[in-house]
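To start, the structure under review is shown below, and the notes come after it.
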Amino acid sequence: MASFKSWIKAFRLRTLPLALSVILTGSFLAIQDGVCNWWIIGLSLLTTLFLQVLSNLANDYGDSLKGTDNNERVGPRRTVQSGEISRESMKKAIIIFASLSLLSGVALLYFSFGDNFKLSLLFLIMGLASIWAAVKYTVGDNAYGYFGLGDLFVFVFFGLVGVVGSYFLNTHALSAEVFLPASAMGLFSAGVLNLNNMRDIDNDIRSGKHTMASRLGIVDAKKYHLTLIIIGWILLLVWMMLQKHHPERLILLVALPFFLFDLFKVLHTKEKPALDPYLRKLALKTLLIALLFGVSILL
């Protein structure tokens with residue numbers, strides 16, 4: 001039987017700040033518009049955490065089946081690959097967390113929409129799509145992560161769905177301005193995935209995993225990473241300019257030097273394994289932006 005420590009490793013806790021950041025951003029933007037429902041915010045955070053853990057477990061399982069997780073892989077040793085957790089146990093855990101995500105999501109829809117059947121059905125479909133995306137990244141014959149589509153799905157689900165969705169669940173309204181920080185968070189999240197794929201680029205090429213990084217090559221993948229971060233910040237700057245009556249929003253600029261410093265380091269890192277720490281750093285800095293959103297709005 002797998003140990004508690006092995007399951008904690010499989011959950012990959014260092015990825016969770018990224019999941020929290022998108023929900024916090026959408027929730028703080030709702031609070032800015034005068035809407036705050038703590039049940040909705042709490043259940044949104046819980047559902048997203050379940051989905052992130054589900055994605056991590058499915059990734060561990062799927063890459064082990066396809067042979068991508070092997071002794072030549074650069075990143076942290078995976079639990080199924082190492083034999084710490086059996087494939088059968090991991091498969092059961094995937095089913096459990098998919099069920100938890102669904103149950104939590106249904107409760108979230110109840111607190112948000114009540115008996116509004118049309119909105120509940122729309123968001124239920126989006127929730128099922130999120131579960132599908134979490135699993136299908138590496139699991140199955142047509143896993144989209146093996147065809148260079150992971151970045152797009154991360155942008156959509158960690159940016160647009162996560163931020164705009166959590167905003168709408170609170171406000172029952174849409175605002176064009178919300179799409180700016182939502183897109184920025186999606187781009188930063190895609191940056192985290194790109195760092196992961198740059199680190200593993202050599203093994204992915206050998207294993208036939210065609211990520212955006214392996215398609216571009218390490219030099220252009222770094223340029224792509226630069227583009228993700230810079231465009232993300234341009235979108236945030238545009239959002240801050242639109243908030244001209246709220247100069248306190250400029251507090252988000254506190255995070256910019258940290259992004260630029262790590263970006264410089266990533267661009268000048270020659271050894272691919274040395275890219276690994278920057279995954280956690282970018283995830284934490286994305287969470288920092290979400291918290292700064294909160295500080296600027298609550299001031």
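FYI, nothing fancy with the structure tokens labels: chains A, B, ... in order, residues from 1 per chain, ligands from 1 as they appear.
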
Write out as a Markdown table the residues of range 16-88 of chain A that have any atom within 9 Å of an atom of range 148-171 of chain A, one row each with the nearest atom pair and its distance in Å to one decimal, counting only C-alpha atoms, sorted by chain and then rising number.
```
| residue | atom | partner | partner_atom | distance |
| --- | --- | --- | --- | --- |
| A:Leu18 | CA | A:Phe158 | CA | 8.2 |
| A:Ala19 | CA | A:Phe158 | CA | 7.2 |
| A:Ser21 | CA | A:Val163 | CA | 8.8 |
| A:Val22 | CA | A:Val163 | CA | 5.2 |
| A:Ile23 | CA | A:Val163 | CA | 5.7 |
| A:Leu24 | CA | A:Val163 | CA | 7.9 |
| A:Thr25 | CA | A:Val163 | CA | 6.2 |
| A:Gly26 | CA | A:Val163 | CA | 4.3 |
| A:Ser27 | CA | A:Tyr167 | CA | 5.6 |
| A:Phe28 | CA | A:Tyr167 | CA | 8.1 |
| A:Leu29 | CA | A:Tyr167 | CA | 6.6 |
| A:Ala30 | CA | A:Tyr167 | CA | 5.3 |
| A:Ile31 | CA | A:Asn170 | CA | 8.6 |
| A:Asp33 | CA | A:Thr171 | CA | 8.0 |
| A:Gly34 | CA | A:Thr171 | CA | 8.6 |
| A:Val35 | CA | A:Thr171 | CA | 6.1 |
| A:Cys36 | CA | A:Asn170 | CA | 6.7 |
| A:Asn37 | CA | A:Asn170 | CA | 6.5 |
| A:Ile40 | CA | A:Asn170 | CA | 6.7 |
| A:Ile41 | CA | A:Ser166 | CA | 7.7 |
| A:Ser44 | CA | A:Ser166 | CA | 6.8 |
| A:Thr48 | CA | A:Gly162 | CA | 8.3 |
```

Please, could you write that set of residues out with C-alpha atoms as a short mmCIF file (atom, residue, chain, number, x, y, z; two decimals), in the first residue's frame?
```
data_model
loop_
_atom_site.label_atom_id
_atom_site.label_comp_id
_atom_site.auth_asym_id
_atom_site.auth_seq_id
_atom_site.Cartn_x
_atom_site.Cartn_y
_atom_site.Cartn_z
CA LEU A 18 -1.43 28.45 -9.49
CA ALA A 19 -4.90 26.95 -9.10
CA SER A 21 -4.46 32.35 -7.92
CA VAL A 22 -7.04 32.26 -10.72
CA ILE A 23 -10.00 31.80 -8.36
CA LEU A 24 -8.75 34.52 -6.01
CA THR A 25 -8.32 36.92 -8.93
CA GLY A 26 -11.86 36.35 -10.19
CA SER A 27 -13.26 36.56 -6.66
CA PHE A 28 -11.42 39.80 -5.85
CA LEU A 29 -12.69 41.32 -9.08
CA ALA A 30 -16.22 40.39 -8.01
CA ILE A 31 -15.63 41.99 -4.62
CA ASP A 33 -17.89 45.22 -8.09
CA GLY A 34 -19.57 44.99 -4.70
CA VAL A 35 -20.40 41.27 -4.66
CA CYS A 36 -19.04 38.86 -2.06
CA ASN A 37 -20.40 35.42 -1.30
CA ILE A 40 -19.19 30.61 -3.54
CA ILE A 41 -15.58 31.70 -3.09
CA SER A 44 -14.71 27.66 -6.02
CA THR A 48 -10.29 24.07 -8.28
#
```

(message) Set the distance at 12 Å and use only C-alpha atoms: which residues neighbour Lys281 in chain A once local chain neighbours fewer than 6 positions away are removed? I'd like the list as a list in words.
(response) Arg14, Thr15, Pro17, Leu18, Phe188, Ser189, Gly191, Val192, Leu195, Ala255, Phe258, Phe259, Leu260, Phe261, Asp262, Leu263, Lys265, Val266, Leu275, Leu287 and Leu288 of chain A

Keeping N, CA and C atoms, export the residues of the selection given above as a tab-separated table (two decimals), in the first residue's frame.
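Written file, out31.tsv:
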```tsv
chain	number	residue	atom	x	y	z
A	14	ARG	N	3.25	21.87	-5.05
A	14	ARG	CA	3.82	23.12	-5.55
A	14	ARG	C	3.04	23.69	-6.72
A	15	THR	N	2.14	22.89	-7.31
A	15	THR	CA	1.31	23.40	-8.39
A	15	THR	C	0.03	24.08	-7.88
A	17	PRO	N	-0.62	26.64	-5.76
A	17	PRO	CA	-0.75	28.10	-5.77
A	17	PRO	C	-1.29	28.64	-7.08
A	18	LEU	N	-0.94	28.00	-8.19
A	18	LEU	CA	-1.43	28.45	-9.49
A	18	LEU	C	-2.94	28.29	-9.58
A	188	PHE	N	0.42	33.46	-17.77
A	188	PHE	CA	1.41	33.09	-16.75
A	188	PHE	C	1.33	31.59	-16.45
A	189	SER	N	0.11	31.06	-16.43
A	189	SER	CA	-0.07	29.62	-16.19
A	189	SER	C	0.54	28.81	-17.34
A	191	GLY	N	2.97	29.79	-18.99
A	191	GLY	CA	4.41	29.92	-18.78
A	191	GLY	C	4.95	28.85	-17.84
A	192	VAL	N	4.18	28.52	-16.81
A	192	VAL	CA	4.59	27.45	-15.89
A	192	VAL	C	4.68	26.12	-16.64
A	195	LEU	N	7.77	26.09	-18.86
A	195	LEU	CA	8.99	25.82	-18.10
A	195	LEU	C	9.15	24.32	-17.87
A	255	ALA	N	5.05	43.36	-8.08
A	255	ALA	CA	5.47	42.02	-8.51
A	255	ALA	C	6.32	42.03	-9.77
A	258	PHE	N	10.17	41.11	-9.74
A	258	PHE	CA	10.41	39.69	-9.45
A	258	PHE	C	10.21	38.84	-10.71
A	259	PHE	N	9.18	39.18	-11.50
A	259	PHE	CA	8.96	38.49	-12.76
A	259	PHE	C	10.13	38.70	-13.70
A	260	LEU	N	10.58	39.94	-13.81
A	260	LEU	CA	11.66	40.27	-14.75
A	260	LEU	C	12.97	39.61	-14.34
A	261	PHE	N	13.23	39.55	-13.04
A	261	PHE	CA	14.46	38.92	-12.56
A	261	PHE	C	14.48	37.45	-12.92
A	262	ASP	N	13.38	36.74	-12.64
A	262	ASP	CA	13.32	35.30	-12.97
A	262	ASP	C	13.32	35.08	-14.47
A	263	LEU	N	12.68	35.98	-15.21
A	263	LEU	CA	12.66	35.86	-16.66
A	263	LEU	C	14.07	35.96	-17.22
A	265	LYS	N	16.80	35.18	-15.64
A	265	LYS	CA	17.49	33.95	-15.26
A	265	LYS	C	17.12	32.79	-16.18
A	266	VAL	N	15.82	32.66	-16.48
A	266	VAL	CA	15.36	31.57	-17.35
A	266	VAL	C	16.00	31.69	-18.73
A	275	LEU	N	16.15	24.66	-14.82
A	275	LEU	CA	14.90	25.39	-15.01
A	275	LEU	C	13.83	24.99	-13.99
A	287	LEU	N	0.52	33.75	-7.85
A	287	LEU	CA	-0.31	33.87	-6.64
A	287	LEU	C	-0.11	35.24	-5.99
A	288	LEU	N	1.12	35.75	-6.01
A	288	LEU	CA	1.40	37.08	-5.46
A	288	LEU	C	0.56	38.14	-6.17
```

(message) When you look at Val106 in chain A with a cut-off of 12 Å (counting only C-alpha atoms), what residues show up, excluding the ones that are within fewer than 2 positions of it in the same chain? I need them as a ChimeraX atom specification.
(response) /A:40,43-44,46-47,99-104,108-114,120-128

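For the residues A:Leu256, A:Leu20, A:Lys5, A:Asn194, ranking by smallest atom-to-atom distance to Ile230 in chain A using only C-alpha atoms places A:Leu256 first.
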
(request) Tell me which protein, DNA and RNA residues are within 9 Å of range 82-95 of chain A, counting only C-alpha atoms, leaving out same-chain ones fewer than 2 positions away, and put them as a ChimeraX atom specification. (result) /A:1-3,6-7,10,53-55,57-58,60-61,64-65,70,77-80,97-100,135

(message) Report, in Å to a single decimal, how far apart CA of Leu187 in chain A and CA of Leu253 in chain A are.
(response) 17.1 Å

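Atom pair CA of Trp132 in chain A / CA of Tyr144 in chain A has a distance of 11.0 Å (rounded to one decimal).
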
Selection: 10 Å around Leu16 in chain A, only C-alpha atoms, excl. self and same-chain fewer than 6 positions, as a short mmCIF file (atom, residue, chain, number, x, y, z; two decimals) with C-alpha atoms, in the first residue's frame:
```
data_model
loop_
_atom_site.label_atom_id
_atom_site.label_comp_id
_atom_site.auth_asym_id
_atom_site.auth_seq_id
_atom_site.Cartn_x
_atom_site.Cartn_y
_atom_site.Cartn_z
CA THR A 48 -10.29 24.07 -8.28
CA LEU A 49 -7.95 22.35 -5.83
CA PHE A 50 -9.69 19.02 -6.51
CA LEU A 51 -9.32 19.61 -10.25
CA GLN A 52 -5.64 20.49 -9.93
CA VAL A 53 -4.89 17.37 -7.89
CA ASN A 56 -1.57 15.93 -11.38
CA ARG A 280 7.45 26.92 -8.42
CA ALA A 283 3.46 29.77 -9.73
CA LEU A 284 4.12 31.65 -6.47
CA LEU A 287 -0.31 33.87 -6.64
#
```

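Checking A:Trp39, A:Ala190, A:Tyr137, A:Leu119 one by one against Thr227 in chain A, counting only C-alpha atoms, you find the shortest gap at A:Ala190.
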
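Considering the residues A:Ala274, A:Ala107, A:Ile205, A:Leu250 and counting only C-alpha atoms, Val238 in chain A has its shortest atom-to-atom contact with A:Leu250.
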
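For the pair CA of Leu193 in chain A and CA of Lys270 in chain A, the separation is 18.4 Å.
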
With a distance cut-off of 10 Å and only C-alpha atoms, select the neighbouring residues of Leu298 in chain A, excluding the residue or stretch itself and same-chain residues fewer than 2 positions from it, and output the selection as an mmCIF file with C-alpha atoms, in the first residue's frame.
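Written output follows (part-v9.cif):
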```cif
data_model
loop_
_atom_site.group_PDB
_atom_site.id
_atom_site.type_symbol
_atom_site.label_atom_id
_atom_site.label_comp_id
_atom_site.auth_asym_id
_atom_site.auth_seq_id
_atom_site.Cartn_x
_atom_site.Cartn_y
_atom_site.Cartn_z
ATOM 1 C CA PHE A 28 -11.425 39.797 -5.845
ATOM 2 C CA ILE A 31 -15.625 41.995 -4.615
ATOM 3 C CA GLN A 32 -14.457 45.123 -6.463
ATOM 4 C CA GLU A 248 -4.106 51.890 -5.643
ATOM 5 C CA LEU A 292 -2.018 42.064 -4.738
ATOM 6 C CA PHE A 293 -5.335 42.246 -6.582
ATOM 7 C CA GLY A 294 -6.971 41.639 -3.229
ATOM 8 C CA VAL A 295 -4.865 44.208 -1.404
ATOM 9 C CA SER A 296 -5.533 46.880 -4.036
#
```

Return as a compact mmCIF listing (two decimals) with C-alpha atoms, in the first residue's frame the full set of residues in range 37-78 of chain A whose backbone-based DSSP assignment is alpha helix (DSSP H).
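Saved as states_38.txt:
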```txt
# COMPACT_ATOMS: atom_id res chain seq x y z
CA TRP A 38 -17.98 33.46 0.88
CA TRP A 39 -19.72 30.14 0.19
CA ILE A 40 -19.19 30.61 -3.54
CA ILE A 41 -15.58 31.70 -3.09
CA GLY A 42 -14.80 28.82 -0.72
CA LEU A 43 -16.42 26.19 -2.95
CA SER A 44 -14.71 27.66 -6.02
CA LEU A 45 -11.34 27.29 -4.32
CA LEU A 46 -12.14 23.75 -3.16
CA THR A 47 -13.36 22.63 -6.59
CA THR A 48 -10.29 24.07 -8.28
CA LEU A 49 -7.95 22.35 -5.83
CA PHE A 50 -9.69 19.02 -6.51
CA LEU A 51 -9.32 19.61 -10.25
CA GLN A 52 -5.64 20.49 -9.93
CA VAL A 53 -4.89 17.37 -7.89
CA LEU A 54 -6.91 15.33 -10.39
CA SER A 55 -4.82 16.75 -13.22
CA ASN A 56 -1.57 15.93 -11.38
CA LEU A 57 -2.64 12.36 -10.65
CA ALA A 58 -3.82 11.81 -14.22
CA ASN A 59 -0.54 13.24 -15.53
CA ASP A 60 1.43 10.83 -13.33
CA TYR A 61 -0.71 7.92 -14.53
CA GLY A 62 -0.82 8.86 -18.22
CA ASP A 63 2.89 9.57 -18.65
CA SER A 64 3.75 6.26 -16.95
CA LEU A 65 1.53 4.34 -19.38
CA LYS A 66 3.10 6.03 -22.38
```

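Each of A:Trp239, A:Tyr224, A:Phe147, A:Phe11 was compared to Thr211 in chain A using only C-alpha atoms, and A:Phe147 turns out to be the nearest.
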